[in-house]
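Text of data.txt, listed as compact mmCIF, C-alpha atoms:
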```txt
# COMPACT_ATOMS: atom_id res chain seq x y z
CA MET A 18 247.63 139.39 105.78
CA ALA A 19 244.28 137.74 106.50
CA THR A 20 241.58 138.51 103.99
CA ARG A 21 238.05 139.39 105.05
CA PRO A 22 235.31 136.79 104.54
CA PRO A 23 233.13 137.28 101.45
CA ARG A 24 230.05 139.43 101.89
CA LEU A 25 226.63 139.44 100.30
CA THR A 26 227.69 142.34 98.08
CA ASP A 27 230.56 140.23 96.73
CA VAL A 28 228.15 137.43 95.83
CA ALA A 29 225.79 139.87 94.11
CA LYS A 30 228.66 141.39 92.10
CA ALA A 31 229.99 137.97 91.03
CA ALA A 32 226.51 136.86 89.96
CA GLY A 33 225.73 140.15 88.20
CA VAL A 34 222.62 140.89 90.25
CA SER A 35 221.53 143.36 92.88
CA THR A 36 222.19 142.75 96.57
CA ALA A 37 218.45 142.37 97.18
CA THR A 38 218.15 139.74 94.45
CA ALA A 39 221.16 137.86 95.83
CA SER A 40 219.62 137.90 99.31
CA MET A 41 216.29 136.52 98.09
CA ALA A 42 217.99 133.82 96.04
CA LEU A 43 220.08 132.66 98.99
CA ASN A 44 217.11 132.73 101.37
CA GLY A 45 214.84 130.84 98.99
CA SER A 46 212.40 133.75 98.87
CA GLY A 47 211.24 135.96 96.03
CA GLY A 48 208.99 133.37 94.43
CA ASN A 49 208.50 133.83 90.68
CA ARG A 50 210.26 137.17 90.76
CA ILE A 51 213.59 135.33 90.54
CA SER A 52 214.17 132.95 87.66
CA THR A 53 215.68 129.54 88.18
CA GLU A 54 218.69 130.58 86.09
CA THR A 55 219.31 133.64 88.27
CA ARG A 56 218.91 131.69 91.50
CA ASP A 57 221.34 129.02 90.29
CA ARG A 58 223.85 131.70 89.27
CA VAL A 59 223.70 133.31 92.73
CA LEU A 60 224.08 129.95 94.50
CA ALA A 61 227.04 129.07 92.28
CA ALA A 62 228.70 132.41 93.02
CA ALA A 63 228.18 131.93 96.75
CA ALA A 64 229.70 128.45 96.60
CA GLU A 65 232.64 129.69 94.54
CA LEU A 66 233.38 132.50 97.00
CA GLY A 67 232.77 130.36 100.08
CA TYR A 68 230.06 132.73 101.29
CA ARG A 69 228.33 131.93 104.58
CA PRO A 70 225.28 134.00 105.61
CA ASN A 71 225.43 135.89 108.89
CA THR A 72 222.97 133.88 110.95
CA VAL A 73 222.96 136.41 113.77
CA ALA A 74 221.96 139.23 111.42
CA ARG A 75 219.39 137.01 109.75
CA GLY A 76 217.96 136.12 113.15
CA LEU A 77 217.56 139.79 114.02
CA ARG A 78 215.62 140.35 110.79
CA THR A 79 213.42 137.26 110.96
CA ARG A 80 213.21 136.97 114.75
CA ARG A 81 214.40 133.38 114.38
CA THR A 82 217.69 131.80 115.30
CA HIS A 83 217.21 128.81 112.96
CA MET A 84 218.08 126.51 115.84
CA ILE A 85 215.90 123.64 117.07
CA GLY A 86 216.27 121.91 120.41
CA PHE A 87 216.10 118.10 120.62
CA VAL A 88 215.59 116.75 124.14
CA GLY A 89 215.63 112.98 124.57
CA ASP A 90 215.54 110.50 127.45
CA ASN A 91 218.22 107.87 126.74
CA VAL A 92 217.55 108.19 123.01
CA ALA A 93 221.18 108.98 122.21
CA THR A 94 222.43 105.89 124.04
CA THR A 95 220.04 103.45 122.36
CA PRO A 96 221.42 102.18 119.03
CA PHE A 97 218.13 101.69 117.19
CA ALA A 98 216.29 104.67 118.72
CA GLY A 99 219.28 106.84 117.84
CA GLN A 100 217.93 106.80 114.29
CA MET A 101 215.37 109.35 115.53
CA ILE A 102 218.24 111.80 116.02
CA ARG A 103 219.56 111.14 112.55
CA GLY A 104 216.14 111.67 110.99
CA ALA A 105 215.62 114.89 112.94
CA HIS A 106 219.13 116.13 112.09
CA ASP A 107 218.73 115.48 108.36
CA ALA A 108 215.34 117.23 108.23
CA ALA A 109 216.67 120.23 110.15
CA ARG A 110 219.77 120.50 107.98
CA GLN A 111 217.76 120.35 104.77
CA ALA A 112 215.65 123.25 106.05
CA GLY A 113 218.70 125.30 107.03
CA PHE A 114 218.26 124.78 110.77
CA LEU A 115 220.79 123.67 113.37
CA LEU A 116 219.75 120.85 115.74
CA LEU A 117 220.94 121.20 119.34
CA MET A 118 220.67 117.82 121.05
CA ILE A 119 220.56 117.10 124.81
CA ASP A 120 220.01 113.63 126.30
CA THR A 121 218.65 113.70 129.85
CA MET A 122 219.34 110.00 130.58
CA GLY A 123 215.74 109.69 131.78
CA ASP A 124 216.15 112.16 134.67
CA PRO A 125 213.10 114.50 134.97
CA ASP A 126 215.22 117.17 136.67
CA GLU A 127 217.67 117.05 133.78
CA THR A 128 214.78 117.58 131.38
CA GLY A 129 213.82 120.88 132.98
CA GLU A 130 217.43 122.06 132.98
CA ALA A 131 217.89 121.04 129.35
CA ILE A 132 214.81 122.97 128.26
CA ALA A 133 215.97 126.05 130.18
CA ALA A 134 219.43 125.86 128.61
CA LEU A 135 217.95 125.67 125.12
CA GLN A 136 215.55 128.55 125.76
CA GLU A 137 218.47 130.70 126.92
CA ARG A 138 219.92 130.18 123.46
CA GLN A 139 216.70 131.44 121.88
CA ILE A 140 215.89 128.22 120.02
CA ASP A 141 212.86 128.42 117.74
CA GLY A 142 211.22 125.25 119.00
CA ILE A 143 211.76 121.90 120.70
CA VAL A 144 211.35 118.26 119.72
CA LEU A 145 210.74 116.23 122.87
CA ALA A 146 211.66 112.58 122.27
CA THR A 147 211.17 109.44 124.36
CA MET A 148 212.80 106.05 123.89
CA TYR A 149 209.51 104.15 124.18
CA HIS A 150 206.05 104.92 122.82
CA GLN A 151 204.17 106.31 125.81
CA VAL A 152 201.64 108.84 127.07
CA THR A 153 203.42 111.79 128.63
CA GLU A 154 202.98 115.35 129.86
CA VAL A 155 204.68 118.38 128.36
CA PRO A 156 207.14 119.74 130.94
CA LYS A 157 205.95 123.00 132.45
CA GLU A 158 209.31 124.58 131.62
CA ILE A 159 208.49 124.59 127.91
CA LYS A 160 205.82 127.27 128.44
CA SER A 161 205.20 129.10 125.15
CA THR A 162 208.00 127.47 123.15
CA PRO A 163 206.63 125.55 120.14
CA VAL A 164 206.99 121.80 120.76
CA VAL A 165 206.39 118.50 118.97
CA LEU A 166 206.42 115.14 120.74
CA LEU A 167 208.41 112.27 119.23
CA ASP A 168 207.45 108.67 120.13
CA SER A 169 204.92 109.90 122.69
CA ARG A 170 201.68 111.83 122.94
CA THR A 171 199.71 113.76 125.54
CA ALA A 172 196.56 112.26 127.03
CA ASP A 173 194.42 115.08 125.61
CA TYR A 174 196.11 115.20 122.18
CA SER A 175 196.76 118.91 122.66
CA VAL A 176 200.28 118.83 121.19
CA SER A 177 201.43 117.62 117.78
CA SER A 178 202.99 114.20 118.04
CA VAL A 179 204.24 111.24 116.04
CA VAL A 180 204.18 107.62 117.26
CA PRO A 181 204.57 104.25 115.53
CA ASP A 182 201.43 102.53 114.30
CA GLU A 183 201.69 99.75 116.88
CA ARG A 184 198.45 98.08 115.84
CA GLY A 185 199.33 98.15 112.17
CA GLY A 186 202.75 96.61 112.79
CA ALA A 187 201.34 93.93 115.09
CA LEU A 188 198.63 93.05 112.57
CA GLY A 189 201.31 92.81 109.89
CA VAL A 190 203.41 90.18 111.65
CA LEU A 191 200.35 88.32 112.90
CA ALA A 192 199.09 88.21 109.31
CA GLU A 193 202.32 86.42 108.39
CA LEU A 194 201.45 83.72 110.93
CA ALA A 195 197.81 83.53 109.86
CA ALA A 196 198.82 83.12 106.21
CA ALA A 197 201.02 80.19 107.27
CA GLY A 198 198.05 78.51 108.95
CA HIS A 199 198.90 79.22 112.58
CA ARG A 200 195.94 79.40 114.96
CA ARG A 201 197.56 78.68 118.31
CA ILE A 202 199.74 81.76 118.71
CA GLY A 203 201.47 82.67 121.97
CA HIS A 204 202.60 86.14 123.02
CA VAL A 205 205.52 87.15 125.23
CA THR A 206 205.35 90.75 126.40
CA THR A 207 206.97 93.24 128.74
CA LEU A 208 206.20 94.10 132.35
CA GLU A 209 206.46 97.83 131.61
CA ASP A 210 203.30 99.92 131.65
CA VAL A 211 203.83 101.58 128.24
CA GLU A 212 201.58 102.22 125.26
CA ALA A 213 203.53 99.81 123.07
CA ARG A 214 202.76 96.92 125.43
CA HIS A 215 199.04 97.68 125.68
CA LEU A 216 198.52 98.21 121.95
CA ARG A 217 200.50 95.14 120.84
CA LEU A 218 198.83 92.95 123.47
CA ALA A 219 195.34 94.18 122.55
CA THR A 220 196.00 93.62 118.85
CA TRP A 221 197.25 90.08 119.47
CA ARG A 222 194.24 89.33 121.67
CA GLU A 223 191.81 90.56 119.01
CA HIS A 224 193.64 88.58 116.34
CA VAL A 225 193.62 85.22 118.13
CA THR A 226 190.02 85.57 119.34
CA ALA A 227 189.00 86.29 115.74
CA TYR A 228 190.04 82.72 115.00
CA GLY A 229 187.76 81.29 117.67
CA LEU A 230 190.17 80.79 120.56
CA ASP A 231 188.52 81.01 123.97
CA ALA A 232 189.59 83.66 126.45
CA ASP A 233 190.94 80.93 128.77
CA ASP A 234 193.03 79.62 125.92
CA LEU A 235 194.96 82.84 125.31
CA LEU A 236 198.65 82.15 125.58
CA ALA A 237 200.29 85.26 127.01
CA GLU A 238 203.33 85.45 129.26
CA THR A 239 204.80 88.58 130.84
CA ALA A 240 208.44 89.19 131.78
CA GLU A 241 211.24 91.73 131.56
CA ALA A 242 211.69 92.87 127.97
CA ARG A 243 215.14 91.33 127.62
CA THR A 244 216.58 88.06 126.37
CA HIS A 245 216.18 86.22 129.66
CA GLY A 246 212.57 87.45 129.92
CA GLY A 247 211.79 86.01 126.51
CA TYR A 248 213.53 82.76 127.45
CA GLU A 249 211.58 82.35 130.69
CA SER A 250 208.27 83.17 129.00
CA ALA A 251 208.93 80.79 126.12
CA MET A 252 209.85 77.94 128.48
CA ARG A 253 206.49 78.35 130.21
CA LEU A 254 204.57 78.50 126.92
CA LEU A 255 206.41 75.65 125.25
CA GLY A 256 206.12 73.48 128.35
CA ARG A 257 202.33 73.38 128.12
CA PRO A 258 200.60 70.16 127.03
CA GLU A 259 199.24 71.97 123.97
CA ARG A 260 202.05 74.32 123.15
CA PRO A 261 201.66 77.15 120.65
CA THR A 262 202.85 76.62 117.10
CA ALA A 263 203.97 80.25 116.87
CA ILE A 264 205.00 83.06 119.22
CA PHE A 265 204.63 86.82 118.75
CA CYS A 266 207.31 88.67 120.77
CA PHE A 267 207.13 92.18 122.20
CA ASN A 268 210.61 92.95 120.88
CA ASP A 269 213.63 91.36 119.23
CA ARG A 270 215.51 90.88 122.49
CA MET A 271 212.70 88.74 123.86
CA ALA A 272 212.70 86.86 120.57
CA MET A 273 216.36 85.99 121.15
CA GLY A 274 215.27 84.31 124.39
CA VAL A 275 212.54 82.41 122.55
CA TYR A 276 215.15 81.11 120.09
CA ARG A 277 217.29 79.93 123.01
CA ALA A 278 214.35 78.18 124.71
CA ALA A 279 213.37 76.43 121.48
CA ALA A 280 216.93 75.19 120.99
CA GLU A 281 217.09 73.80 124.53
CA LEU A 282 213.80 71.95 123.98
CA GLY A 283 214.95 70.50 120.69
CA LEU A 284 212.48 72.54 118.62
CA SER A 285 213.58 73.94 115.28
CA ILE A 286 212.64 77.41 114.04
CA PRO A 287 210.59 77.61 111.87
CA GLY A 288 209.99 73.87 111.39
CA ASP A 289 208.51 73.28 114.85
CA LEU A 290 207.90 76.86 115.96
CA SER A 291 207.41 80.09 114.03
CA VAL A 292 208.49 83.37 115.66
CA VAL A 293 207.68 86.99 114.81
CA SER A 294 208.60 90.13 116.65
CA TYR A 295 208.73 93.91 116.83
CA ASP A 296 211.59 96.45 116.45
CA ASP A 297 213.65 94.96 113.58
CA GLN A 298 216.92 95.88 115.30
CA GLU A 299 219.68 95.64 112.72
CA LEU A 300 222.05 93.95 115.18
CA ILE A 301 219.51 91.28 116.15
CA ALA A 302 216.70 90.46 113.71
CA PRO A 303 218.77 89.77 110.55
CA GLU A 304 221.61 88.16 112.55
CA LEU A 305 219.56 85.43 114.23
CA ALA A 306 219.53 82.00 112.58
CA PRO A 307 217.12 81.88 110.91
CA GLY A 308 216.56 85.60 110.32
CA LEU A 309 213.67 87.00 112.35
CA THR A 310 210.50 88.37 110.75
CA SER A 311 209.87 91.62 112.59
CA ALA A 312 207.82 94.83 112.39
CA ALA A 313 210.26 97.70 111.97
CA LEU A 314 209.97 100.74 114.23
CA PRO A 315 210.28 103.77 111.89
CA HIS A 316 212.61 105.82 114.09
CA TYR A 317 214.29 107.74 111.28
CA GLU A 318 210.98 108.63 109.64
CA MET A 319 209.47 109.75 112.96
CA GLY A 320 212.46 111.99 113.70
CA SER A 321 212.20 113.61 110.29
CA TRP A 322 208.42 114.06 110.59
CA ALA A 323 208.73 115.67 114.04
CA VAL A 324 211.13 118.35 112.78
CA ASN A 325 209.07 119.08 109.68
CA GLU A 326 205.93 119.38 111.80
CA LEU A 327 207.73 121.76 114.15
CA LEU A 328 208.82 123.91 111.21
CA ARG A 329 205.23 123.94 109.95
CA ARG A 330 204.02 125.12 113.34
CA LEU A 331 206.58 127.92 113.32
CA ASP A 332 204.98 129.18 110.11
CA GLU A 333 201.42 128.38 111.23
CA PRO A 334 201.34 128.95 115.02
CA ASP A 335 197.54 128.76 115.18
CA ALA A 336 197.24 125.47 113.28
CA GLU A 337 195.51 122.56 114.98
CA PRO A 338 197.88 119.96 116.49
CA VAL A 339 198.41 116.82 114.40
CA GLN A 340 198.60 113.26 115.75
CA HIS A 341 200.49 111.15 113.25
CA LEU A 342 200.74 107.34 113.16
CA MET A 343 203.90 106.29 111.33
CA PRO A 344 203.57 102.94 109.49
CA CYS A 345 205.71 100.04 110.74
CA PRO A 346 206.84 98.03 107.69
CA ILE A 347 207.29 94.26 107.99
CA ALA A 348 210.78 92.86 107.46
CA ARG A 349 210.13 89.31 106.23
CA ARG A 350 212.80 86.71 106.91
CA ASP A 351 212.88 82.94 107.49
CA SER A 352 211.37 82.54 110.97
CA VAL A 353 207.87 81.66 109.71
CA ALA A 354 206.78 78.36 108.17
CA PRO A 355 203.45 76.53 107.76
CA ALA A 356 201.94 75.32 111.01
```

Can you turn what I pasted into structure tokens?
Amino acid sequence: MATRPPRLTDVAKAAGVSTATASMALNGSGGNRISTETRDRVLAAAAELGYRPNTVARGLRTRRTHMIGFVGDNVATTPFAGQMIRGAHDAARQAGFLLLMIDTMGDPDETGEAIAALQERQIDGIVLATMYHQVTEVPKEIKSTPVVLLDSRTADYSVSSVVPDERGGALGVLAELAAAGHRRIGHVTTLEDVEARHLRLATWREHVTAYGLDADDLLAETAEARTHGGYESAMRLLGRPERPTAIFCFNDRMAMGVYRAAAELGLSIPGDLSVVSYDDQELIAPELAPGLTSAALPHYEMGSWAVNELLRRLDEPDAEPVQHLMPCPIARRDSVAPA
């Protein structure tokens, strides 16, 4: 005959404590009223018995379901941006929350339907993620549901958000070039009207003008943010009478195109041309020959921060929204040499 699942009273009896004490120990409440030794004893008894709390009953008591919605636009299908999901999942799990993930494939109609589906399941809040750093609007369907934006922000900063420190990352890789003596630095960037493009371009422009280059001498080329776009841009830059000695790329895929263009022109990297980039994609940057120096997008860290900020807002609903810039560390490899 099937045996019934263990109950809270069974855990309390095995640990030699009251049911109330067992409940507080398992819920992480009680503060100093419960000693570390008692809490450990209750947790050990629960593990030994295979006890699982009744989340439905707990939800009725706390008015929380301990479920968080994660709505993304193509995030799940992008290898490097998928780290945002992992970071969010790990943070939710550590806090005892379940993450319900829906990818809308970039369809605005799907976004509204996804939010409605999550709200029907009484989720406690929503993390709204985008694949690229951008300025966005909070969908009207979210209404009063607590929300945190991941890799985007609102124009009026009215909602908590986390985005990469684009300027900091760009300054980091440009500093690598400056330290190597490069003064004639080209830039290949995307056609897309996104925050990442504007911030990286502005930072590059400020950096090169700081070294006395005239506005007419700025070496910027725009193309699709893919390998062929980087190739076409690099061919135009490297075909100039006074070609740049280094190129800063919008992303690693464009950098792949720059490598190809340099090879076709008989230029060695980094001997004849230094290259730096953004993204630090694990399937590209370290695999190129030579390895590519790149500013890493902190997707995992942003996903984790977004969930923790959402949990904070659940406990402090009247707190002011926070706009967080996540540092972009520099992965140094062998694509930079003295000018």

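The space separating atom CA of Thr207 of chain A from atom CA of Thr239 of chain A comes to 5.6 Å.
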
Residues near segment 244-250 of chain A, cut-off 7 Å, only C-alpha atoms, skip fewer than 6 positions along chain, as a CSV table (one decimal) with C-alpha atoms, in the coordinates of the input:
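result-v7.csv written:
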```
chain,number,residue,atom,x,y,z
A,205,VAL,CA,205.5,87.2,125.2
A,238,GLU,CA,203.3,85.4,129.3
A,270,ARG,CA,215.5,90.9,122.5
A,271,MET,CA,212.7,88.7,123.9
A,272,ALA,CA,212.7,86.9,120.6
A,273,MET,CA,216.4,86.0,121.2
A,274,GLY,CA,215.3,84.3,124.4
A,275,VAL,CA,212.5,82.4,122.6
A,277,ARG,CA,217.3,79.9,123.0
A,278,ALA,CA,214.4,78.2,124.7
```

Checklist line | Ref. answer, residues at most 7 Å from (217.0, 122.9, 115.7) with only C-alpha atoms, as a PyMOL selection string | finding: chain A and resi 83-87+109+114-117+140

Item checked: Near-Arg350 of chain A list (9 Å; only C-alpha atoms; drop same-chain fewer than 6 positions) as a count of residues only -> 7

Margin query: Would you pick out the contacts of Leu254 of chain A at 12 Å or less, using only C-alpha atoms, so that residues sharing its chain but fewer than 6 positions from it are not included, and give the list as JSON, numbers by chain?
Written below: {"A": [201, 202, 203, 204, 205, 234, 235, 236, 237, 238, 239, 247, 248, 260, 261, 262, 263, 264, 265, 275, 278, 279, 282, 290]}

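Using all atoms listed in the file for every distance, the candidate list A:Ala197, A:Met252, A:Leu166, A:Ala192 yields A:Leu166 as the residue closest to His150 of chain A.
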
Could you list, as a PDB file with C-alpha atoms, keeping the file's coordinate frame, every residue within 10 Å of Phe97 of chain A, counting only C-alpha atoms and ignoring same-chain residues fewer than 4 positions away?
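File produced: out.pdb:
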```pdb
ATOM      1  CA  VAL A  92     217.550 108.190 123.010  1.00  0.00           C
ATOM      2  CA  ALA A  93     221.180 108.980 122.210  1.00  0.00           C
ATOM      3  CA  MET A 101     215.370 109.350 115.530  1.00  0.00           C
ATOM      4  CA  MET A 148     212.800 106.050 123.890  1.00  0.00           C
ATOM      5  CA  ASP A 296     211.590  96.450 116.450  1.00  0.00           C
ATOM      6  CA  ASP A 297     213.650  94.960 113.580  1.00  0.00           C
ATOM      7  CA  GLN A 298     216.920  95.880 115.300  1.00  0.00           C
ATOM      8  CA  GLU A 299     219.680  95.640 112.720  1.00  0.00           C
ATOM      9  CA  LEU A 300     222.050  93.950 115.180  1.00  0.00           C
ATOM     10  CA  LEU A 314     209.970 100.740 114.230  1.00  0.00           C
ATOM     11  CA  PRO A 315     210.280 103.770 111.890  1.00  0.00           C
ATOM     12  CA  HIS A 316     212.610 105.820 114.090  1.00  0.00           C
ATOM     13  CA  TYR A 317     214.290 107.740 111.280  1.00  0.00           C
TER      14      TYR A 317
END
```

Notebook entry, point to check: Hey, which of A:Cys345, A:Ala312, A:Val339, A:Ala354 ends up closest to Asp289 of chain A? Count only C-alpha atoms.
Noted result: A:Ala354

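For the set A:Arg110, A:Val293, A:Val176, A:Ala213, the residue with the smallest atom-to-atom gap to Asp335 of chain A is A:Val176, counting all atoms listed in the file.
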
Select all residues near (203.6, 92.7, 111.2) (cut-off 9 Å, inclusive, file coordinates), counting only C-alpha atoms, and output them as a compact mmCIF listing (two decimals) with C-alpha atoms, in the coordinates of the input.
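Dumped everything to selection.txt:
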```txt
# COMPACT_ATOMS: atom_id res chain seq x y z
CA ARG A 184 198.45 98.08 115.84
CA GLY A 185 199.33 98.15 112.17
CA GLY A 186 202.75 96.61 112.79
CA ALA A 187 201.34 93.93 115.09
CA LEU A 188 198.63 93.05 112.57
CA GLY A 189 201.31 92.81 109.89
CA VAL A 190 203.41 90.18 111.65
CA LEU A 191 200.35 88.32 112.90
CA ALA A 192 199.09 88.21 109.31
CA GLU A 193 202.32 86.42 108.39
CA VAL A 293 207.68 86.99 114.81
CA SER A 294 208.60 90.13 116.65
CA TYR A 295 208.73 93.91 116.83
CA THR A 310 210.50 88.37 110.75
CA SER A 311 209.87 91.62 112.59
CA ALA A 312 207.82 94.83 112.39
CA ALA A 313 210.26 97.70 111.97
CA CYS A 345 205.71 100.04 110.74
CA PRO A 346 206.84 98.03 107.69
CA ILE A 347 207.29 94.26 107.99
CA ALA A 348 210.78 92.86 107.46
CA ARG A 349 210.13 89.31 106.23
```

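Every protein or nucleic acid residue with an atom no more than 12 Å from Arg56 of chain A, counting only C-alpha atoms and leaving out same-chain residues fewer than 3 positions away, appears here: Val28, Ala29, Ala32, Gly33, Val34, Thr38, Ala39, Ser40, Met41, Ala42, Leu43, Asn44, Gly45, Ser46, Gly47, Gly48, Asn49, Arg50, Ile51, Ser52, Thr53, Val59, Leu60, Ala61, Ala62 and Ala63 of chain A.
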
Taking all listed atoms of segment 49-67 of chain A, build the axis-aligned box, pad each of the six sides by 3 Å, then write its centre and edge lengths in Å to one decimal as lines of an AutoDock Vina configuration file.
```
center_x = 220.9
center_y = 132.8
center_z = 93.1
size_x = 30.9
size_y = 14.7
size_z = 20.0
```

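Atom CA of Thr128 of chain A to atom CA of Gln111 of chain A spans 26.9 Å [interatomic distance, one decimal].
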
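If all atoms listed in the file are the atoms counted, then among A:Thr36, A:Thr147, A:Thr162, A:Gln100 the closest residue to Gly123 of chain A is A:Thr147.
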
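Picture a line from atom CA of Trp322 of chain A to atom CA of Arg103 of chain A; it runs 11.7 Å.
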